[in-house]
>>> print(open('start_20.cif').read())   # mmCIF, C-alpha atoms
data_upload
#
loop_
_atom_site.label_atom_id
_atom_site.label_comp_id
_atom_site.auth_asym_id
_atom_site.auth_seq_id
_atom_site.Cartn_x
_atom_site.Cartn_y
_atom_site.Cartn_z
CA MET A 22 -2.95 24.95 -7.90
CA LYS A 23 -5.71 26.17 -5.64
CA ASN A 24 -3.46 28.26 -3.46
CA ARG A 25 -2.02 31.32 -5.10
CA ILE A 26 1.14 31.17 -3.04
CA TRP A 27 4.37 30.79 -4.97
CA ASN A 28 6.31 27.83 -3.67
CA ASP A 29 8.63 25.19 -5.15
CA ARG A 30 5.74 22.80 -5.67
CA ARG A 31 3.91 25.31 -7.84
CA ILE A 32 7.06 26.20 -9.80
CA GLU A 33 7.62 22.50 -10.47
CA GLU A 34 4.05 22.03 -11.68
CA LEU A 35 4.22 25.05 -13.98
CA ILE A 36 7.64 24.05 -15.36
CA GLY A 37 6.18 20.60 -16.02
CA TYR A 38 3.29 22.11 -18.00
CA LEU A 39 5.63 24.47 -19.84
CA LEU A 40 7.90 21.61 -20.94
CA ILE A 41 5.09 19.32 -22.06
CA THR A 42 3.34 22.16 -23.93
CA GLY A 43 6.62 23.05 -25.67
CA VAL A 44 7.42 19.51 -26.79
CA LEU A 45 3.87 18.63 -27.83
CA LEU A 46 3.50 21.83 -29.83
CA SER A 47 6.82 21.29 -31.59
CA ALA A 48 5.99 17.61 -32.13
CA PHE A 49 2.71 18.65 -33.76
CA ILE A 50 4.50 21.05 -36.15
CA VAL A 51 7.21 18.46 -36.90
CA LEU A 52 4.55 15.82 -37.53
CA THR A 53 2.57 18.09 -39.87
CA GLY A 54 5.74 18.96 -41.78
CA GLY A 55 6.74 15.30 -41.74
CA VAL A 56 3.47 14.16 -43.32
CA ILE A 57 3.79 16.79 -46.09
CA TYR A 58 7.43 15.78 -46.63
CA LEU A 59 6.67 12.05 -46.76
CA VAL A 60 3.68 12.47 -49.08
CA ARG A 61 5.81 14.46 -51.51
CA HIS A 62 9.14 12.65 -51.18
CA GLY A 63 8.38 9.36 -49.42
CA SER A 64 9.15 7.18 -52.44
CA GLU A 65 12.52 8.80 -53.17
CA THR A 66 15.81 7.38 -51.95
CA PRO A 67 17.35 8.87 -48.79
CA ASP A 68 20.87 10.22 -49.20
CA TYR A 69 22.76 11.05 -46.01
CA HIS A 70 26.06 9.39 -46.89
CA THR A 71 27.90 12.62 -47.55
CA PHE A 72 27.61 15.87 -45.64
CA ARG A 73 26.50 18.79 -47.76
CA GLY A 74 24.98 21.02 -45.11
CA GLU A 75 21.50 22.44 -45.19
CA PRO A 76 20.34 25.21 -47.54
CA GLU A 77 20.54 28.72 -46.13
CA TYR A 78 16.82 29.09 -45.35
CA LEU A 79 16.95 26.05 -43.03
CA ARG A 80 19.88 27.42 -41.03
CA ASN A 81 18.49 30.51 -39.37
CA VAL A 82 15.29 31.58 -37.71
CA ARG A 83 14.56 34.38 -40.19
CA GLY A 84 14.83 31.95 -43.09
CA LEU A 85 12.41 29.58 -41.43
CA PHE A 86 9.65 32.16 -41.46
CA SER A 87 10.16 32.96 -45.14
CA MET A 88 7.57 31.89 -47.71
CA GLU A 89 10.09 29.53 -49.26
CA SER A 90 10.35 27.63 -46.00
CA LEU A 91 6.69 27.52 -45.00
CA HIS A 92 5.70 25.98 -48.33
CA HIS A 93 8.00 23.01 -47.77
CA GLY A 94 7.50 20.11 -45.39
CA ARG A 95 11.18 20.36 -44.52
CA GLY A 96 10.86 24.03 -43.56
CA LEU A 97 7.92 23.28 -41.32
CA ILE A 98 9.82 20.42 -39.62
CA GLN A 99 12.78 22.72 -39.02
CA LEU A 100 10.48 25.34 -37.49
CA GLY A 101 9.18 22.70 -35.07
CA LEU A 102 12.75 21.71 -34.20
CA VAL A 103 13.69 25.32 -33.43
CA LEU A 104 10.67 25.53 -31.13
CA LEU A 105 11.94 22.37 -29.43
CA VAL A 106 15.36 23.98 -28.89
CA PHE A 107 13.69 27.01 -27.32
CA THR A 108 11.72 24.89 -24.85
CA PRO A 109 14.55 24.36 -22.30
CA ILE A 110 15.57 28.00 -22.71
CA ALA A 111 12.00 29.08 -21.92
CA ARG A 112 12.15 26.76 -18.91
CA VAL A 113 15.15 28.66 -17.52
CA ALA A 114 13.42 31.99 -18.17
CA PHE A 115 10.33 30.73 -16.38
CA ALA A 116 12.36 29.49 -13.41
CA MET A 117 13.76 33.01 -13.12
CA VAL A 118 10.22 34.43 -12.93
CA GLY A 119 9.05 31.72 -10.54
CA PHE A 120 11.92 32.15 -8.09
CA SER A 121 11.41 35.93 -8.18
CA MET A 122 7.74 35.50 -7.33
CA GLU A 123 8.85 33.25 -4.49
CA ARG A 124 11.22 36.07 -3.46
CA ASP A 125 14.07 33.60 -3.56
CA TRP A 126 16.62 36.08 -4.88
CA MET A 127 19.53 33.65 -4.71
CA TYR A 128 17.88 31.26 -7.16
CA ALA A 129 16.42 34.06 -9.26
CA SER A 130 20.01 35.31 -9.73
CA ILE A 131 21.27 31.80 -10.50
CA SER A 132 18.58 31.52 -13.20
CA VAL A 133 19.61 34.90 -14.64
CA VAL A 134 23.24 33.74 -14.94
CA VAL A 135 22.23 30.49 -16.65
CA LEU A 136 19.89 32.35 -19.01
CA ALA A 137 22.60 34.90 -19.84
CA VAL A 138 25.09 32.16 -20.73
CA LEU A 139 22.46 30.45 -22.90
CA VAL A 140 21.57 33.64 -24.75
CA LEU A 141 25.27 34.40 -25.20
CA SER A 142 26.02 30.99 -26.69
CA PHE A 143 22.99 31.21 -28.94
CA THR A 144 23.64 34.66 -30.33
CA SER A 145 27.37 34.06 -30.83
CA ALA A 146 26.53 31.16 -33.18
CA MET B 15 14.92 1.56 -48.93
CA ASN B 16 12.91 4.69 -49.77
CA ILE B 17 12.48 7.74 -47.57
CA LEU B 18 9.23 6.48 -46.01
CA GLU B 19 10.79 3.16 -44.97
CA PHE B 20 13.93 4.94 -43.80
CA ALA B 21 11.84 7.30 -41.62
CA LEU B 22 9.93 4.40 -40.07
CA ALA B 23 13.10 2.43 -39.30
CA VAL B 24 14.82 5.50 -37.79
CA GLY B 25 11.65 6.28 -35.82
CA ILE B 26 11.58 2.80 -34.24
CA VAL B 27 15.25 2.93 -33.24
CA SER B 28 14.71 6.44 -31.86
CA PHE B 29 11.82 5.21 -29.73
CA ALA B 30 14.19 2.76 -28.01
CA ALA B 31 16.82 5.51 -27.70
CA GLY B 32 14.35 7.87 -26.05
CA MET B 33 13.23 5.23 -23.60
CA LEU B 34 16.79 4.38 -22.56
CA GLY B 35 17.72 8.05 -22.45
CA ALA B 36 14.85 8.88 -20.10
CA LEU B 37 15.58 5.87 -17.87
CA THR B 38 19.28 6.63 -17.47
CA GLY B 39 19.38 10.44 -17.53
CA LEU B 40 21.83 10.26 -20.42
CA GLY B 41 19.66 11.43 -23.31
CA GLY B 42 19.12 9.52 -26.54
CA GLY B 43 22.39 10.47 -28.24
CA VAL B 44 24.28 7.39 -27.01
CA VAL B 45 22.07 5.20 -29.16
CA VAL B 46 21.16 7.60 -31.99
CA VAL B 47 24.66 8.55 -33.16
CA PRO B 48 26.19 5.05 -33.61
CA VAL B 49 22.99 3.54 -35.03
CA LEU B 50 22.59 6.31 -37.61
CA ALA B 51 26.30 6.39 -38.46
CA LEU B 52 27.07 2.67 -38.51
CA GLY B 53 23.65 1.12 -39.11
CA PHE B 54 22.20 3.56 -41.65
CA GLY B 55 25.42 4.95 -43.11
CA VAL B 56 24.48 8.53 -42.21
CA ASP B 57 27.30 11.08 -42.28
CA LEU B 58 28.54 11.86 -38.76
CA HIS B 59 27.68 15.58 -39.02
CA TYR B 60 24.01 14.80 -39.68
CA ALA B 61 24.07 12.11 -36.99
CA ILE B 62 25.38 14.59 -34.40
CA GLY B 63 22.74 17.15 -35.42
CA ALA B 64 20.01 14.53 -35.00
CA SER B 65 21.52 13.45 -31.68
CA LEU B 66 21.30 17.00 -30.38
CA VAL B 67 17.62 17.10 -31.30
CA SER B 68 17.13 13.74 -29.57
CA VAL B 69 18.76 14.95 -26.34
CA ILE B 70 16.48 17.99 -26.11
CA ALA B 71 13.39 15.90 -26.93
CA THR B 72 14.24 13.27 -24.29
CA SER B 73 15.09 15.88 -21.73
CA SER B 74 12.00 18.01 -22.16
CA GLY B 75 9.57 15.12 -22.67
CA ALA B 76 10.64 13.08 -19.66
CA ALA B 77 11.45 16.09 -17.47
CA ALA B 78 7.87 17.29 -17.74
CA ALA B 79 6.81 14.17 -15.84
CA TYR B 80 9.81 14.04 -13.50
CA VAL B 81 9.50 17.68 -12.43
CA ARG B 82 5.76 17.51 -11.90
CA GLU B 83 6.04 14.35 -9.81
CA GLY B 84 8.86 15.85 -7.75
CA TYR B 85 11.74 13.54 -8.77
CA SER B 86 14.03 16.14 -10.37
CA ASN B 87 15.57 18.54 -7.87
CA ILE B 88 15.16 21.86 -9.70
CA ARG B 89 17.40 23.78 -7.27
CA VAL B 90 20.24 21.30 -7.66
CA GLY B 91 19.63 21.42 -11.42
CA MET B 92 19.64 25.22 -11.71
CA PHE B 93 22.63 25.61 -9.39
CA LEU B 94 24.71 23.06 -11.30
CA GLU B 95 23.67 24.51 -14.68
CA ILE B 96 25.90 27.47 -13.85
CA ALA B 97 28.81 25.03 -13.76
CA THR B 98 27.84 23.06 -16.88
CA SER B 99 27.11 26.10 -19.04
CA THR B 100 30.34 27.82 -17.99
CA GLY B 101 32.17 24.57 -18.66
CA ALA B 102 30.58 24.32 -22.11
CA ILE B 103 31.98 27.73 -23.07
CA LEU B 104 35.38 26.68 -21.74
CA GLY B 105 35.14 23.47 -23.78
CA ALA B 106 34.25 25.32 -26.98
CA PHE B 107 37.23 27.62 -26.37
CA LEU B 108 39.58 24.68 -25.77
CA ALA B 109 38.25 22.55 -28.64
CA THR B 110 40.77 23.84 -31.19
CA ARG B 111 43.66 23.83 -28.71
CA VAL B 112 43.65 20.34 -27.19
CA PRO B 113 43.85 16.82 -28.67
CA THR B 114 40.17 15.79 -28.49
CA ALA B 115 40.91 12.21 -29.64
CA SER B 116 43.10 11.40 -26.64
CA ILE B 117 40.63 13.11 -24.28
CA ALA B 118 37.89 10.86 -25.68
CA ILE B 119 39.99 7.76 -24.99
CA VAL B 120 40.79 8.83 -21.42
CA PHE B 121 37.13 9.71 -20.82
CA GLY B 122 36.11 6.32 -22.21
CA ILE B 123 38.39 4.52 -19.76
CA VAL B 124 37.03 6.61 -16.87
CA LEU B 125 33.51 5.65 -17.96
CA LEU B 126 34.36 1.94 -18.04
CA TYR B 127 35.59 2.15 -14.48
CA SER B 128 32.52 4.18 -13.41
CA ALA B 129 30.21 1.64 -15.02
CA TYR B 130 31.79 -1.11 -12.94
CA GLN B 131 31.48 1.03 -9.80
CA SER B 132 27.90 2.08 -10.51
CA LEU B 133 26.70 -1.51 -10.41
CA SER B 134 27.00 -1.77 -6.66
CA PRO B 135 24.08 -0.33 -4.66
CA GLN B 136 24.89 2.67 -2.49
CA LYS B 137 23.86 3.49 1.06
CA HIS B 138 22.39 6.75 -0.21
CA ASP B 139 20.29 5.10 -2.97
CA GLU B 140 17.11 5.80 -1.04
CA GLY B 141 18.27 9.17 0.31
CA GLU B 142 21.13 10.39 2.49
CA ALA B 143 20.08 10.74 6.11
CA GLY B 144 22.30 12.01 8.93
CA PRO B 145 23.29 15.56 9.87
CA PRO B 146 22.72 18.12 7.10
CA ASP B 147 25.61 19.65 5.17
CA PRO B 148 25.88 23.40 6.00
CA LEU B 149 26.66 24.49 2.42
CA ALA B 150 23.82 22.41 0.97
CA GLN B 151 21.53 23.94 3.57
CA ARG B 152 22.57 27.46 2.73
CA LEU B 153 21.87 26.71 -0.94
CA LYS B 154 18.55 25.09 -0.01
CA LEU B 155 19.41 21.91 -1.92
CA ASP B 156 17.97 19.34 0.51
CA ALA B 157 14.57 18.09 -0.62
CA THR B 158 12.15 15.17 -0.81
CA TYR B 159 11.26 12.78 -3.60
CA PRO B 160 8.37 10.32 -4.07
CA THR B 161 8.76 6.67 -3.08
CA PRO B 162 6.14 3.91 -2.83
CA GLU B 163 6.08 4.66 0.92
CA GLY B 164 5.38 8.36 0.36
CA PRO B 165 7.70 11.40 0.14
CA HIS B 166 11.22 10.63 1.34
CA SER B 167 13.54 13.43 2.41
CA TYR B 168 17.24 13.41 1.56
CA GLY B 169 20.29 15.56 2.23
CA VAL B 170 22.87 16.73 -0.30
CA ARG B 171 26.62 16.31 0.26
CA GLY B 172 29.87 17.28 -1.49
CA VAL B 173 28.60 20.47 -3.13
CA PRO B 174 32.07 21.87 -4.08
CA LEU B 175 33.21 18.55 -5.57
CA GLY B 176 29.91 18.12 -7.42
CA PHE B 177 30.13 21.67 -8.78
CA GLY B 178 33.72 21.06 -9.92
CA LEU B 179 32.76 17.82 -11.68
CA MET B 180 29.92 19.67 -13.41
CA ILE B 181 32.37 22.20 -14.83
CA GLY B 182 34.23 19.15 -16.16
CA ALA B 183 30.99 17.71 -17.57
CA GLY B 184 30.23 20.97 -19.35
CA THR B 185 33.77 21.25 -20.70
CA LEU B 186 33.62 17.70 -22.06
CA SER B 187 30.27 18.33 -23.73
CA GLY B 188 31.75 21.44 -25.36
CA LEU B 189 34.83 19.46 -26.44
CA LEU B 190 33.35 16.15 -27.51
CA GLY B 191 29.71 17.00 -28.23
CA ILE B 192 28.39 14.03 -26.23
CA GLY B 193 28.85 12.32 -22.91
CA SER B 194 27.97 15.08 -20.49
CA GLY B 195 24.93 13.23 -19.09
CA ALA B 196 27.14 10.42 -17.81
CA LEU B 197 29.32 12.77 -15.78
CA LYS B 198 26.25 14.60 -14.50
CA VAL B 199 24.68 11.43 -13.11
CA LEU B 200 27.99 10.24 -11.68
CA ALA B 201 28.71 13.58 -10.00
CA MET B 202 25.29 13.69 -8.34
CA ASP B 203 25.36 10.01 -7.41
CA ARG B 204 28.98 9.65 -6.29
CA ALA B 205 29.97 13.11 -5.05
CA MET B 206 26.68 14.59 -3.87
CA HIS B 207 25.02 11.39 -2.60
CA LEU B 208 21.62 12.12 -4.14
CA PRO B 209 19.16 9.20 -4.34
CA PHE B 210 19.80 7.38 -7.62
CA LYS B 211 16.43 8.30 -9.15
CA VAL B 212 16.98 11.95 -8.24
CA SER B 213 20.44 11.87 -9.87
CA THR B 214 19.19 10.45 -13.17
CA THR B 215 16.04 12.57 -13.36
CA THR B 216 17.89 15.77 -12.44
CA SER B 217 20.53 14.97 -15.08
CA ASN B 218 17.68 14.43 -17.52
CA PHE B 219 16.27 17.84 -16.52
CA MET B 220 19.67 19.50 -17.11
CA ILE B 221 20.86 17.95 -20.39
CA GLY B 222 18.25 19.83 -22.43
CA VAL B 223 19.76 23.14 -21.39
CA THR B 224 23.30 21.95 -22.10
CA ALA B 225 22.22 20.76 -25.54
CA ALA B 226 20.26 23.94 -26.28
CA ALA B 227 23.44 25.93 -25.63
CA SER B 228 25.16 24.30 -28.58
CA ALA B 229 22.06 24.00 -30.78
CA GLY B 230 22.54 27.44 -32.32
CA ILE B 231 25.99 26.49 -33.60
CA TYR B 232 24.88 23.15 -35.06
CA LEU B 233 21.82 24.68 -36.68
CA SER B 234 23.77 27.49 -38.33
CA ARG B 235 26.40 25.05 -39.62
CA GLY B 236 23.68 23.02 -41.33
CA TYR B 237 24.07 19.83 -39.24
CA VAL B 238 20.35 19.59 -38.46
CA ASP B 239 18.58 17.93 -41.39
CA PRO B 240 14.77 18.05 -41.12
CA GLY B 241 14.15 14.83 -43.06
CA LEU B 242 16.41 12.91 -40.69
CA SER B 243 15.56 14.76 -37.47
CA MET B 244 11.79 14.41 -37.94
CA PRO B 245 11.60 10.62 -37.23
CA VAL B 246 14.33 10.97 -34.59
CA MET B 247 12.47 13.70 -32.70
CA LEU B 248 9.05 12.01 -32.84
CA GLY B 249 10.40 8.57 -31.97
CA VAL B 250 12.60 9.79 -29.14
CA LEU B 251 9.83 11.91 -27.65
CA ALA B 252 7.37 8.99 -27.58
CA GLY B 253 10.07 6.73 -26.14
CA SER B 254 11.02 9.21 -23.43
CA LEU B 255 7.40 9.52 -22.26
CA VAL B 256 7.22 5.72 -21.92
CA GLY B 257 10.67 5.62 -20.26
CA ALA B 258 9.57 8.18 -17.69
CA ARG B 259 6.59 6.01 -16.72
CA ILE B 260 8.89 2.99 -16.32
CA LEU B 261 11.45 4.83 -14.17
CA MET B 262 8.85 5.86 -11.64
CA ARG B 263 7.91 2.22 -11.03
CA ALA B 264 11.29 0.56 -11.49
CA GLY B 265 13.60 -0.50 -8.67
CA VAL B 266 16.97 1.18 -8.16
CA ARG B 267 18.86 -2.08 -8.75
CA VAL B 268 17.44 -2.46 -12.27
CA LEU B 269 18.03 1.20 -13.06
CA ARG B 270 21.67 0.94 -11.96
CA LEU B 271 22.14 -2.10 -14.19
CA VAL B 272 20.62 -0.36 -17.24
CA PHE B 273 22.69 2.75 -16.52
CA SER B 274 25.92 0.73 -16.29
CA VAL B 275 25.26 -1.12 -19.54
CA VAL B 276 24.56 2.12 -21.41
CA ILE B 277 27.69 3.71 -19.91
CA VAL B 278 29.79 0.78 -21.16
CA VAL B 279 28.37 1.25 -24.67
CA MET B 280 29.16 4.96 -24.44
CA ALA B 281 32.70 4.23 -23.24
CA VAL B 282 33.33 1.84 -26.15
CA GLU B 283 31.97 4.51 -28.54
CA MET B 284 34.27 7.14 -27.05
CA ILE B 285 37.36 4.94 -27.27
CA TYR B 286 36.45 3.82 -30.80
CA ASN B 287 35.93 7.40 -31.96
CA GLY B 288 39.16 8.45 -30.30
CA LEU B 289 41.19 5.66 -31.88
CA THR B 290 39.73 6.15 -35.35
CA GLY B 291 40.14 9.91 -35.05
CA LYS B 292 36.48 10.65 -35.74
CA LEU B 293 36.27 13.45 -33.20
#
>>> encode(input="start_20.cif", output="structure tokens")
Amino acid sequence: MKNRIWNDRRIEELIGYLLITGVLLSAFIVLTGGVIYLVRHGSETPDYHTFRGEPEYLRNVRGLFSMESLHHGRGLIQLGLVLLVFTPIARVAFAMVGFSMERDWMYASISVVVLAVLVLSFTSA
Amino acid sequence: MNILEFALAVGIVSFAAGMLGALTGLGGGVVVVPVLALGFGVDLHYAIGASLVSVIATSSGAAAAYVREGYSNIRVGMFLEIATSTGAILGAFLATRVPTASIAIVFGIVLLYSAYQSLSPQKHDEGEAGPPDPLAQRLKLDATYPTPEGPHSYGVRGVPLGFGLMIGAGTLSGLLGIGSGALKVLAMDRAMHLPFKVSTTTSNFMIGVTAAASAGIYLSRGYVDPGLSMPVMLGVLAGSLVGARILMRAGVRVLRLVFSVVIVVMAVEMIYNGLTGKL
């Protein structure tokens, strides 16, 4: 990355770093939460035979940042998973920036459309 | 079996799922859903939630390597994501209006046929040469990818057909929840004549975005269980990083074989789910 010129090669490298940073960071949070969860509940019996759905605080982003969530291993895991979900979305947002810097307006617009559809599907949930 | 043993067992299976997912461009869901549902007796809702997590983990983990090394074609990926994401919305809209079970059976049969077809090596496996396609040129899709002999340039064909198939792939993923990776690879391989490694790695690059689009819905419905998703995510991620290393060294013939086998498994799953009305 010696040259400061924006080209496809540089966008690819930066997207690569963005993706690996996103997954490793979320994996670290999931792992931390997982250790807490296993230390506290590891000897209990798993029960996934019937679907009950998750408690409210594990279902939305606001709940995940509540005190109730952060004190539980499960809340921390869920926070890591949400970060994982945001990684590909951040990738699209970054591609939009990268293509704009490259002055490739066609692909900058394509990225905007993809990002818009993503945001739409996420907020309508 | 207590929770600790359960997590370890799920983690090991997920490792294999992530490796296969990264090698084939299909994501880890093909393996994760049936193993959790049939092998561990996990309710299908939780299994689907975990599968979604596994697809994003495979996609992002392996794509980091594929993009940096120049295998994934990011322009082809971004361009086709318009088709898949629009298709996904269409699929979600149609989901309550069409018989998903019969669609799954038809899709399963199509996959069986594609698996048989995918076994035979293609002329374009190492890259399509010949005169460039004007539309692909205008969209700047032609590129190069790494081979043992150095960067190899290839042309892209059949852009309209590929785009159309991607709308279909997106619609199916909105309708059935899984299976979009298979159509993505097939569309890029069969219709657009991309080198096989570019097809699978670009599919791998794209499936994370397709999955992220439906993640909000699954999360808010409570399908994503942290206790179950934790070993799935960690196992799949580790597996996908190993799978990515293998793909870069592997020959196309082996990759085609692995792809075809996984597609057959997926087809059987689809038909089984359709017949038992689990969709």
>>> residues_around(input="start_20.cif", residues="range 256-259 of chain B", least_positions_apart="5", cutoff="6 Å", atoms="all atoms listed in the file", output="short mmCIF file (atom, residue, chain, number, x, y, z; two decimals) with C-alpha atoms, in the coordinates of the input")
data_model
loop_
_atom_site.label_atom_id
_atom_site.label_comp_id
_atom_site.auth_asym_id
_atom_site.auth_seq_id
_atom_site.Cartn_x
_atom_site.Cartn_y
_atom_site.Cartn_z
CA MET B 33 13.23 5.23 -23.60
CA ALA B 36 14.85 8.88 -20.10
CA LEU B 37 15.58 5.87 -17.87
CA ALA B 76 10.64 13.08 -19.66
#
>>> interface_residues(input="start_20.cif", of="chain A", to="chain B", cutoff="7 Å", atoms="only C-alpha atoms", output="PyMOL selection string")
chain A and resi 33-34+37-38+40-41+44+48+51+55+59+62-67+69-72+74-75+80-81+95+98-99+106+109-110+131-132+134-135+138-139+142-143+146
>>> resolve_selection(input="start_20.cif", expression="the PyMOL selection byres ((chain B and resi 284-289) around 6)", output="VMD selection string")
chain B and resid 115 118 to 119 122 281 to 283 290 to 292
>>> resolve_selection(input="start_20.cif", expression="the PyMOL selection byres ((chain A and resi 54) around 8)", output="ChimeraX atom specification")
/A:50-53,55-58,93-98
>>> atom_distance(input="start_20.cif", atom1="CA of Phe107 in chain B", atom2="CA of Ile277 in chain B")
26.5 Å
>>> residues_around(input="start_20.cif", residues="Ile32 in chain A", least_positions_apart="6", cutoff="8 Å", atoms="only C-alpha atoms", output="PyMOL selection string")
chain A and resi 116+119-120
>>> atom_distance(input="start_20.cif", atom1="CA of Asp203 in chain B", atom2="CA of Tyr130 in chain B")
14.0 Å
>>> atom_distance(input="start_20.cif", atom1="CA of Phe273 in chain B", atom2="CA of Leu208 in chain B")
15.6 Å
>>> residues_near_point(input="start_20.cif", point="(32.9, 17.1, -17.8)", cutoff="6 Å", atoms="only C-alpha atoms", output="number ranges by chain")
B: 180-186, 194, 197
>>> residues_around(input="start_20.cif", residues="Val173 in chain B", least_positions_apart="2", cutoff="10 Å", atoms="all atoms listed in the file", output="compact mmCIF listing (two decimals) with C-alpha atoms, in the frame of the given file")
# COMPACT_ATOMS: atom_id res chain seq x y z
CA VAL B 90 20.24 21.30 -7.66
CA LEU B 94 24.71 23.06 -11.30
CA ASP B 147 25.61 19.65 5.17
CA PRO B 148 25.88 23.40 6.00
CA LEU B 149 26.66 24.49 2.42
CA ALA B 150 23.82 22.41 0.97
CA LEU B 153 21.87 26.71 -0.94
CA LEU B 155 19.41 21.91 -1.92
CA VAL B 170 22.87 16.73 -0.30
CA ARG B 171 26.62 16.31 0.26
CA LEU B 175 33.21 18.55 -5.57
CA GLY B 176 29.91 18.12 -7.42
CA PHE B 177 30.13 21.67 -8.78
CA GLY B 178 33.72 21.06 -9.92
CA LEU B 179 32.76 17.82 -11.68
CA ALA B 201 28.71 13.58 -10.00
CA MET B 202 25.29 13.69 -8.34
CA ALA B 205 29.97 13.11 -5.05
CA MET B 206 26.68 14.59 -3.87
CA HIS B 207 25.02 11.39 -2.60
>>> closest_residue(input="start_20.cif", among="B:Val44, B:Leu200, B:His166, B:Ser68", to="Leu105 in chain A", atoms="only C-alpha atoms")
B:Ser68
>>> resolve_selection(input="start_20.cif", expression="the PyMOL selection byres ((chain A and resi 118) around 12)", output="NGL selection string")
:A and (27 or 32 or 35-36 or 111-117 or 119-126 or 128-133 or 136)
>>> closest_residue(input="start_20.cif", among="A:Leu102, A:Ala137, A:Val82, A:Leu39", to="Ala64 in chain B", atoms="only C-alpha atoms")
A:Leu102
